[in-house]
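Undergrad: Here it is, the structure in full.
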Amino acid sequence: MGNTKSSALSKELLEDLKSNTKYTEVELCSWYQSFLKECPSGKISKEQFEGIYASFFPNADSTEYARHVFRSFDTNADGTLDFKEYIVALHLTSGGKTLQKLEWAFALYDVDGNGTISSNEILEIVRSIFNMISVDDQKNLPEDENTPEKRAEKIWEFFGKKENDKISEGEFIQGVMSNKDILRLIQYDEPQKIKAKLKEKQQ
């Protein structure tokens, strides 16, 4: 089936990624080269992925959140990210269409992968997001969302659910699209922060 470890991207994969992301052939090929340098096996392990996150957030505990992000992108659940999963992840978190981003956000919050979100799953993700917000920044949060519990409750109340109810993907996407405030509450604005951090390093 061809040599998967060769340093050239296969035509099929290249065409697939070009049609499903906003990246050009040149960008994809150059990323593939650096991907292979970092990960000669052609796969990123969960530990490597957590390490990448940790380097972006040296003053925060990003392990839990990175673990959830990794799970949501490991589409074949083999415990690694291949180049395609990695590029799709990059595309989604930095410039994907709103609908794609929300589908990904749903996968992130659907911790057990059963196709619905419970109030406990929302709390689990919100807690992992709070681990990455500095204590000083947490002090500046509005009173009704300055703890993981309060923020999770605010999200849950917005969907009008009782404690043991579940949120389906359709409800989740529709709800978030009709209320920008919920979008702010469910996400950690990592791409902007990562870009800012990279700029700082360059100066």
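Ligands are numbered from 1 in the order shown, residues from 1 within each chain, and chains are lettered A, B, ... in the order they appear in the structure tokens.
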Which residues are close to segment 40-51 of chain A, i.e. within 10 Å by only C-alpha atoms, leaving aside same-chain residues fewer than 3 positions away? Reply as number ranges by chain.
TA: A: 4-7, 32-37, 54-57, 62-67, 69-71, 74, 78-86
Undergrad: From the DSSP assignment of the backbone, select every residue of segment 3-202 of chain A that is strand (DSSP E), and format the answer as a ChimeraX atom specification.
TA: /A:43-45,80-82,116-117,167-168
Undergrad: Go ahead and save the residues from that selection, with N, CA, C and O atoms, as a CSV table (one decimal), in the first residue's frame.
TA:
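To be explicit, this is the file written out as again-v3.csv:
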```csv
chain,number,residue,atom,x,y,z
A,43,LYS,N,2.8,9.9,13.6
A,43,LYS,CA,1.7,10.0,14.5
A,43,LYS,C,2.1,10.9,15.7
A,43,LYS,O,3.3,10.8,16.1
A,44,ILE,N,1.2,11.6,16.3
A,44,ILE,CA,1.4,12.3,17.5
A,44,ILE,C,0.7,11.6,18.6
A,44,ILE,O,-0.5,11.2,18.5
A,45,SER,N,1.5,11.3,19.7
A,45,SER,CA,0.9,10.6,20.8
A,45,SER,C,0.2,11.6,21.7
A,45,SER,O,0.4,12.8,21.6
A,80,THR,N,-3.7,8.1,18.8
A,80,THR,CA,-2.7,8.9,18.2
A,80,THR,C,-3.4,9.8,17.2
A,80,THR,O,-4.5,9.6,16.8
A,81,LEU,N,-2.7,10.9,16.8
A,81,LEU,CA,-3.3,11.8,15.8
A,81,LEU,C,-2.3,11.6,14.6
A,81,LEU,O,-1.1,11.8,14.7
A,82,ASP,N,-2.9,11.3,13.4
A,82,ASP,CA,-2.1,11.2,12.2
A,82,ASP,C,-2.1,12.6,11.6
A,82,ASP,O,-2.7,13.5,12.1
A,116,THR,N,-24.7,12.5,23.1
A,116,THR,CA,-25.4,13.6,23.9
A,116,THR,C,-24.5,14.2,24.9
A,116,THR,O,-23.5,13.5,25.3
A,117,ILE,N,-24.9,15.3,25.4
A,117,ILE,CA,-24.1,16.0,26.5
A,117,ILE,C,-24.9,16.1,27.8
A,117,ILE,O,-26.1,16.5,27.7
A,167,ILE,N,-28.4,17.0,26.1
A,167,ILE,CA,-28.4,17.9,25.0
A,167,ILE,C,-28.0,17.1,23.8
A,167,ILE,O,-26.9,16.6,23.8
A,168,SER,N,-28.8,17.2,22.7
A,168,SER,CA,-28.4,16.5,21.5
A,168,SER,C,-27.5,17.4,20.7
A,168,SER,O,-27.4,18.7,20.9
```
Undergrad: Taking only C-alpha atoms into account, name the residue in A:Leu9, A:Val135, A:Leu141, A:Leu102 that is nearest to Glu171 of chain A.
TA: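 Answer, going by the shortest atom-to-atom distance: A:Leu102.
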Undergrad: Skipping near chain neighbours, those fewer than 2 positions away, what residues fall within 9 Å of Leu108 of chain A using only C-alpha atoms, listed as a PDB file with N, CA and C atoms, in the first residue's frame?
TA:
```pdb
ATOM      1  N   HIS A  68      -8.791  16.384  26.522  1.00  0.00           N
ATOM      2  CA  HIS A  68     -10.129  16.407  25.904  1.00  0.00           C
ATOM      3  C   HIS A  68     -10.054  16.814  24.434  1.00  0.00           C
ATOM      4  N   VAL A  69      -9.213  17.803  24.139  1.00  0.00           N
ATOM      5  CA  VAL A  69      -9.058  18.247  22.748  1.00  0.00           C
ATOM      6  C   VAL A  69      -8.509  17.086  21.914  1.00  0.00           C
ATOM      7  N   PHE A  70      -7.516  16.401  22.451  1.00  0.00           N
ATOM      8  CA  PHE A  70      -6.917  15.260  21.750  1.00  0.00           C
ATOM      9  C   PHE A  70      -7.992  14.211  21.441  1.00  0.00           C
ATOM     10  N   ARG A  71      -8.794  13.879  22.461  1.00  0.00           N
ATOM     11  CA  ARG A  71      -9.858  12.882  22.277  1.00  0.00           C
ATOM     12  C   ARG A  71     -10.813  13.301  21.166  1.00  0.00           C
ATOM     13  N   SER A  72     -11.163  14.597  21.139  1.00  0.00           N
ATOM     14  CA  SER A  72     -12.151  15.047  20.159  1.00  0.00           C
ATOM     15  C   SER A  72     -11.595  15.011  18.732  1.00  0.00           C
ATOM     16  N   PHE A  73     -10.272  15.059  18.593  1.00  0.00           N
ATOM     17  CA  PHE A  73      -9.668  15.027  17.254  1.00  0.00           C
ATOM     18  C   PHE A  73      -9.215  13.632  16.825  1.00  0.00           C
ATOM     19  N   GLU A 103     -19.625  21.669  15.614  1.00  0.00           N
ATOM     20  CA  GLU A 103     -19.642  20.199  15.610  1.00  0.00           C
ATOM     21  C   GLU A 103     -18.454  19.676  16.422  1.00  0.00           C
ATOM     22  N   TRP A 104     -17.315  20.362  16.243  1.00  0.00           N
ATOM     23  CA  TRP A 104     -16.138  19.959  17.029  1.00  0.00           C
ATOM     24  C   TRP A 104     -16.367  20.233  18.521  1.00  0.00           C
ATOM     25  N   ALA A 105     -16.934  21.405  18.832  1.00  0.00           N
ATOM     26  CA  ALA A 105     -17.192  21.751  20.244  1.00  0.00           C
ATOM     27  C   ALA A 105     -18.119  20.713  20.874  1.00  0.00           C
ATOM     28  N   PHE A 106     -19.100  20.253  20.096  1.00  0.00           N
ATOM     29  CA  PHE A 106     -20.012  19.223  20.620  1.00  0.00           C
ATOM     30  C   PHE A 106     -19.213  17.959  20.940  1.00  0.00           C
ATOM     31  N   ASP A 110     -18.907  16.116  24.477  1.00  0.00           N
ATOM     32  CA  ASP A 110     -19.486  14.768  24.574  1.00  0.00           C
ATOM     33  C   ASP A 110     -18.386  13.813  25.042  1.00  0.00           C
ATOM     34  N   VAL A 111     -18.049  13.911  26.316  1.00  0.00           N
ATOM     35  CA  VAL A 111     -16.876  13.226  26.863  1.00  0.00           C
ATOM     36  C   VAL A 111     -16.931  11.713  26.653  1.00  0.00           C
ATOM     37  N   GLY A 113     -18.676  10.178  24.398  1.00  0.00           N
ATOM     38  CA  GLY A 113     -18.888   9.830  22.991  1.00  0.00           C
ATOM     39  C   GLY A 113     -20.214   9.144  22.696  1.00  0.00           C
ATOM     40  N   ILE A 125     -15.632  19.746  31.235  1.00  0.00           N
ATOM     41  CA  ILE A 125     -14.891  20.545  30.262  1.00  0.00           C
ATOM     42  C   ILE A 125     -14.648  21.952  30.791  1.00  0.00           C
TER      43      ILE A 125
END
```
Undergrad: For atom CA of Leu185 of chain A and atom CA of Asn76 of chain A, determine how far apart the two atoms are, in Å to one decimal place.
TA: 28.4 Å
Undergrad: Do you have the atom CA of Pro58 of chain A-atom CA of Glu27 of chain A distance handy?
TA: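 A separation of 27.7 Å between them.
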Undergrad: Which residues come within 6 Å of Pro148 of chain A, counting only C-alpha atoms, excluding same-chain residues fewer than 4 positions away, as a PyMOL selection string?
TA: chain A and resi 126-127+152
Undergrad: Write the residues of the selection above to a file with C-alpha atoms, as a short mmCIF file (atom, residue, chain, number, x, y, z; two decimals), in the first residue's frame.
TA:
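again.cif, freshly written:
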```
data_model
loop_
_atom_site.label_atom_id
_atom_site.label_comp_id
_atom_site.auth_asym_id
_atom_site.auth_seq_id
_atom_site.Cartn_x
_atom_site.Cartn_y
_atom_site.Cartn_z
CA VAL A 126 -15.52 23.90 31.95
CA ARG A 127 -13.27 22.79 34.84
CA ALA A 152 -21.52 25.23 33.80
#
```
Undergrad: Record the distance separating atom CA of Asn59 of chain A and atom CA of Leu183 of chain A, expressed in Å with one decimal.
TA: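 Taking atom CA of Asn59 of chain A as the start and atom CA of Leu183 of chain A as the end point, the length is 24.8 Å.
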Undergrad: Let's see if you can do this: from backbone DSSP, list all helix (DSSP H, G or I) residues in segment 81-133 of chain A, as a PyMOL selection string.
TA: chain A and resi 83-95+98-109+119-130
Undergrad: Create the file for the chosen residues now, containing N, CA and C atoms and written as an mmCIF file, in the first residue's frame.
TA:
```cif
data_model
loop_
_atom_site.group_PDB
_atom_site.id
_atom_site.type_symbol
_atom_site.label_atom_id
_atom_site.label_comp_id
_atom_site.auth_asym_id
_atom_site.auth_seq_id
_atom_site.Cartn_x
_atom_site.Cartn_y
_atom_site.Cartn_z
ATOM 1 N N PHE A 83 -1.406 12.772 10.457
ATOM 2 C CA PHE A 83 -1.268 14.102 9.857
ATOM 3 C C PHE A 83 -2.634 14.689 9.480
ATOM 4 N N LYS A 84 -3.507 13.851 8.945
ATOM 5 C CA LYS A 84 -4.834 14.342 8.536
ATOM 6 C C LYS A 84 -5.615 14.851 9.743
ATOM 7 N N GLU A 85 -5.641 14.065 10.818
ATOM 8 C CA GLU A 85 -6.374 14.481 12.024
ATOM 9 C C GLU A 85 -5.779 15.774 12.588
ATOM 10 N N TYR A 86 -4.451 15.874 12.514
ATOM 11 C CA TYR A 86 -3.742 17.048 13.027
ATOM 12 C C TYR A 86 -4.112 18.305 12.225
ATOM 13 N N ILE A 87 -4.107 18.186 10.900
ATOM 14 C CA ILE A 87 -4.411 19.340 10.039
ATOM 15 C C ILE A 87 -5.878 19.749 10.181
ATOM 16 N N VAL A 88 -6.762 18.768 10.260
ATOM 17 C CA VAL A 88 -8.184 19.088 10.444
ATOM 18 C C VAL A 88 -8.372 19.819 11.782
ATOM 19 N N ALA A 89 -7.638 19.377 12.789
ATOM 20 C CA ALA A 89 -7.694 20.029 14.107
ATOM 21 C C ALA A 89 -7.235 21.477 14.003
ATOM 22 N N LEU A 90 -6.127 21.667 13.319
ATOM 23 C CA LEU A 90 -5.549 23.007 13.149
ATOM 24 C C LEU A 90 -6.541 23.911 12.424
ATOM 25 N N HIS A 91 -7.118 23.381 11.372
ATOM 26 C CA HIS A 91 -8.058 24.140 10.552
ATOM 27 C C HIS A 91 -9.289 24.537 11.375
ATOM 28 N N LEU A 92 -9.825 23.568 12.109
ATOM 29 C CA LEU A 92 -11.047 23.822 12.869
ATOM 30 C C LEU A 92 -10.845 24.864 13.953
ATOM 31 N N THR A 93 -9.736 24.758 14.674
ATOM 32 C CA THR A 93 -9.560 25.663 15.818
ATOM 33 C C THR A 93 -9.086 27.036 15.378
ATOM 34 N N SER A 94 -8.556 27.161 14.157
ATOM 35 C CA SER A 94 -8.048 28.477 13.788
ATOM 36 C C SER A 94 -8.879 29.170 12.723
ATOM 37 N N GLY A 95 -9.628 28.422 11.932
ATOM 38 C CA GLY A 95 -10.362 29.139 10.894
ATOM 39 C C GLY A 95 -11.485 28.367 10.257
ATOM 40 N N THR A 98 -18.181 28.218 11.152
ATOM 41 C CA THR A 98 -18.841 28.176 12.464
ATOM 42 C C THR A 98 -19.480 26.815 12.723
ATOM 43 N N LEU A 99 -20.173 26.283 11.719
ATOM 44 C CA LEU A 99 -20.859 25.010 11.910
ATOM 45 C C LEU A 99 -19.860 23.901 12.236
ATOM 46 N N GLN A 100 -18.739 23.875 11.503
ATOM 47 C CA GLN A 100 -17.711 22.846 11.766
ATOM 48 C C GLN A 100 -17.151 23.013 13.177
ATOM 49 N N LYS A 101 -16.917 24.268 13.559
ATOM 50 C CA LYS A 101 -16.379 24.523 14.901
ATOM 51 C C LYS A 101 -17.349 24.034 15.976
ATOM 52 N N LEU A 102 -18.640 24.234 15.731
ATOM 53 C CA LEU A 102 -19.633 23.821 16.726
ATOM 54 C C LEU A 102 -19.770 22.304 16.770
ATOM 55 N N GLU A 103 -19.625 21.669 15.614
ATOM 56 C CA GLU A 103 -19.642 20.199 15.610
ATOM 57 C C GLU A 103 -18.454 19.676 16.422
ATOM 58 N N TRP A 104 -17.315 20.362 16.243
ATOM 59 C CA TRP A 104 -16.138 19.959 17.029
ATOM 60 C C TRP A 104 -16.367 20.233 18.521
ATOM 61 N N ALA A 105 -16.934 21.405 18.832
ATOM 62 C CA ALA A 105 -17.192 21.751 20.244
ATOM 63 C C ALA A 105 -18.119 20.713 20.874
ATOM 64 N N PHE A 106 -19.100 20.253 20.096
ATOM 65 C CA PHE A 106 -20.012 19.223 20.620
ATOM 66 C C PHE A 106 -19.213 17.959 20.940
ATOM 67 N N ALA A 107 -18.327 17.561 20.020
ATOM 68 C CA ALA A 107 -17.504 16.357 20.248
ATOM 69 C C ALA A 107 -16.617 16.532 21.480
ATOM 70 N N LEU A 108 -16.138 17.755 21.681
ATOM 71 C CA LEU A 108 -15.292 18.049 22.844
ATOM 72 C C LEU A 108 -16.088 17.845 24.141
ATOM 73 N N TYR A 109 -17.316 18.344 24.168
ATOM 74 C CA TYR A 109 -18.147 18.261 25.376
ATOM 75 C C TYR A 109 -18.786 16.883 25.565
ATOM 76 N N SER A 119 -25.081 17.365 32.027
ATOM 77 C CA SER A 119 -24.604 18.511 32.817
ATOM 78 C C SER A 119 -23.229 18.212 33.418
ATOM 79 N N ASN A 120 -22.966 16.944 33.768
ATOM 80 C CA ASN A 120 -21.646 16.580 34.311
ATOM 81 C C ASN A 120 -20.543 16.745 33.285
ATOM 82 N N GLU A 121 -20.853 16.419 32.018
ATOM 83 C CA GLU A 121 -19.837 16.565 30.966
ATOM 84 C C GLU A 121 -19.509 18.036 30.749
ATOM 85 N N ILE A 122 -20.532 18.891 30.804
ATOM 86 C CA ILE A 122 -20.281 20.331 30.655
ATOM 87 C C ILE A 122 -19.373 20.805 31.786
ATOM 88 N N LEU A 123 -19.675 20.366 33.002
ATOM 89 C CA LEU A 123 -18.858 20.777 34.146
ATOM 90 C C LEU A 123 -17.412 20.286 33.988
ATOM 91 N N GLU A 124 -17.245 19.068 33.506
ATOM 92 C CA GLU A 124 -15.883 18.514 33.344
ATOM 93 C C GLU A 124 -15.049 19.353 32.377
ATOM 94 N N ILE A 125 -15.632 19.746 31.235
ATOM 95 C CA ILE A 125 -14.891 20.545 30.262
ATOM 96 C C ILE A 125 -14.648 21.952 30.791
ATOM 97 N N VAL A 126 -15.675 22.536 31.409
ATOM 98 C CA VAL A 126 -15.521 23.900 31.948
ATOM 99 C C VAL A 126 -14.421 23.921 33.015
ATOM 100 N N ARG A 127 -14.352 22.873 33.833
ATOM 101 C CA ARG A 127 -13.273 22.793 34.845
ATOM 102 C C ARG A 127 -11.902 22.787 34.171
ATOM 103 N N SER A 128 -11.779 22.017 33.079
ATOM 104 C CA SER A 128 -10.475 21.935 32.404
ATOM 105 C C SER A 128 -10.121 23.279 31.771
ATOM 106 N N ILE A 129 -11.141 24.043 31.348
ATOM 107 C CA ILE A 129 -10.894 25.387 30.802
ATOM 108 C C ILE A 129 -10.427 26.311 31.929
ATOM 109 N N PHE A 130 -11.063 26.201 33.082
ATOM 110 C CA PHE A 130 -10.689 27.059 34.222
ATOM 111 C C PHE A 130 -9.245 26.806 34.661
#
```
Undergrad: Using only C-alpha atoms, which of A:Asn131, A:Asn114, A:Gln187, A:Asn140 sits nearest Ile155 of chain A?
TA: A:Gln187
